[in-house]
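Undergrad: Sharing start01.cif below, mmCIF, C-alpha atoms:
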```
data_model
#
loop_
_atom_site.label_atom_id
_atom_site.label_comp_id
_atom_site.auth_asym_id
_atom_site.auth_seq_id
_atom_site.Cartn_x
_atom_site.Cartn_y
_atom_site.Cartn_z
CA MET P 1 26.44 -1.94 -5.99
CA ASP P 2 28.34 -4.73 -7.70
CA SER P 3 28.59 -5.75 -11.34
CA LYS P 4 25.27 -7.63 -11.16
CA LEU P 5 23.47 -4.48 -9.98
CA SER P 6 22.98 -6.03 -6.55
CA PHE P 7 23.49 -4.42 -3.18
CA SER P 8 24.63 -7.63 -1.48
CA ASP P 9 28.23 -6.44 -1.02
CA HIS P 10 27.06 -3.12 0.38
CA ILE P 11 24.62 -4.76 2.78
CA ALA P 12 27.29 -7.25 3.91
CA GLU P 13 29.61 -4.33 4.62
CA LYS P 14 26.95 -2.53 6.66
CA VAL P 15 26.08 -5.71 8.57
CA ASN P 16 29.74 -6.30 9.46
CA LYS P 17 30.06 -2.69 10.58
CA GLY P 18 26.93 -3.03 12.73
CA ILE P 19 28.21 -6.22 14.35
CA SER P 20 31.58 -4.64 15.10
CA ILE P 21 29.93 -1.59 16.66
CA LEU P 22 27.76 -3.87 18.81
CA GLY P 23 30.96 -5.58 19.96
CA ILE P 24 32.38 -2.21 20.95
CA ILE P 25 29.20 -1.36 22.86
CA LYS P 26 29.28 -4.74 24.62
CA ARG P 27 32.95 -4.35 25.57
CA ASN P 28 32.78 -0.76 26.79
CA PHE P 29 29.32 -0.63 28.34
CA GLN P 30 29.02 -3.86 30.28
CA HIS P 31 26.47 -2.57 32.77
CA VAL P 32 24.13 -0.29 30.89
CA TYR P 33 20.43 0.27 31.33
CA LYS P 34 17.98 -0.54 28.57
CA ASP P 35 17.24 3.11 27.78
CA ALA P 36 20.92 3.95 27.49
CA PHE P 37 21.52 0.93 25.27
CA VAL P 38 18.71 1.98 22.95
CA LEU P 39 20.29 5.42 22.62
CA LEU P 40 23.69 3.88 21.87
CA TYR P 41 22.18 1.50 19.32
CA LYS P 42 20.29 4.24 17.53
CA ALA P 43 23.24 6.61 17.52
CA LEU P 44 25.98 4.20 16.54
CA VAL P 45 24.43 1.29 14.63
CA ARG P 46 21.26 2.61 13.05
CA SER P 47 22.95 5.80 11.92
CA HIS P 48 25.06 3.76 9.49
CA TRP P 49 21.98 2.11 8.06
CA ASN P 50 19.99 5.31 7.70
CA THR P 51 22.67 6.89 5.55
CA GLY P 52 23.36 3.95 3.30
CA MET P 53 20.55 1.45 3.14
CA PRO P 54 17.07 2.95 2.62
CA ILE P 55 17.33 2.67 -1.13
CA GLN P 56 18.22 -0.99 -0.98
CA PHE P 57 15.15 -1.99 1.00
CA GLY P 58 12.97 -0.46 -1.66
CA LEU P 59 14.73 -2.53 -4.29
CA LEU P 60 14.76 -5.87 -2.49
CA SER P 61 12.67 -8.55 -4.06
CA PRO P 62 11.27 -11.61 -2.29
CA TYR P 63 13.92 -13.79 -3.91
CA LYS P 64 16.56 -11.76 -2.05
CA GLN P 65 15.16 -12.55 1.37
CA TYR P 66 18.64 -13.57 2.53
CA LEU P 67 19.71 -9.90 2.47
CA ILE P 68 16.90 -8.93 4.81
CA GLU P 69 17.84 -11.82 7.10
CA GLU P 70 21.44 -10.57 7.21
CA VAL P 71 20.27 -7.18 8.47
CA GLU P 72 17.98 -8.85 11.00
CA LYS P 73 21.00 -10.72 12.43
CA VAL P 74 22.38 -7.44 13.74
CA GLN P 75 19.02 -6.50 15.25
CA LYS P 76 18.72 -9.93 16.88
CA ARG P 77 22.22 -9.66 18.33
CA ALA P 78 21.37 -6.24 19.77
CA THR P 79 18.20 -7.65 21.31
CA GLU P 80 20.21 -10.44 22.92
CA LEU P 81 22.61 -7.89 24.40
CA VAL P 82 19.72 -6.03 26.04
CA GLN P 83 18.28 -9.24 27.48
CA CYS P 84 21.67 -10.18 28.96
CA LYS P 85 21.78 -6.92 30.91
CA TYR P 86 18.78 -7.80 33.09
#
```
What is this structure when it is put down as structure tokens?
TA:
Amino acid sequence: MDSKLSFSDHIAEKVNKGISILGIIKRNFQHVYKDAFVLLYKALVRSHWNTGMPIQFGLLSPYKQYLIEEVEKVQKRATELVQCKY
């Protein structure tokens, strides 16, 4: 939480961490099945969000839609990785 009582810095940190973990998954598991990728995603990426972000989503207002879109970037990138595998 920053001085304006916003979670934007925290969410940006979690998004960057999620993107970096997806990069690690992409680099180390080049040929992985969909089921295995889902397990990796849930264990490595979503675990960071579950510990630090549930409160923020309850506090997000419609005028802070950009924060939700930032989180969805990571999910979209993960979806693209799965589609590339097949």
Undergrad: With only C-alpha atoms as the atoms that count, which of P:Asn28, P:Ser47, P:Ser20, P:Ser8 lies nearest to P:Glu70?
TA: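 For P:Glu70, the nearest of the candidates is P:Ser8.
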Undergrad: Counting all atoms listed in the file, find residues at most 8 Å from (18.7, -3.2, 16.1) (file frame) and give them as a VMD selection string.
TA: chain P and resid 41 to 42 45 to 46 72 74 to 79
Undergrad: Quick one: pull the distance between atom CA of P:Leu39 and atom CA of P:Ile11, Å, one decimal.
TA: 22.7 Å
Undergrad: Please write as a ChimeraX atom specification the full residue list that the PyMOL selection byres ((chain P and resi 15) around 9) yields on this file.
TA: /P:10-14,16-20,49,70-71,73-74
Undergrad: Which of these residues is nearest to P:Tyr66, using only C-alpha atoms: P:Ala36, P:Gln30, P:Leu44, P:Phe7?
TA: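 Under the stated criterion, the closest residue is P:Phe7.
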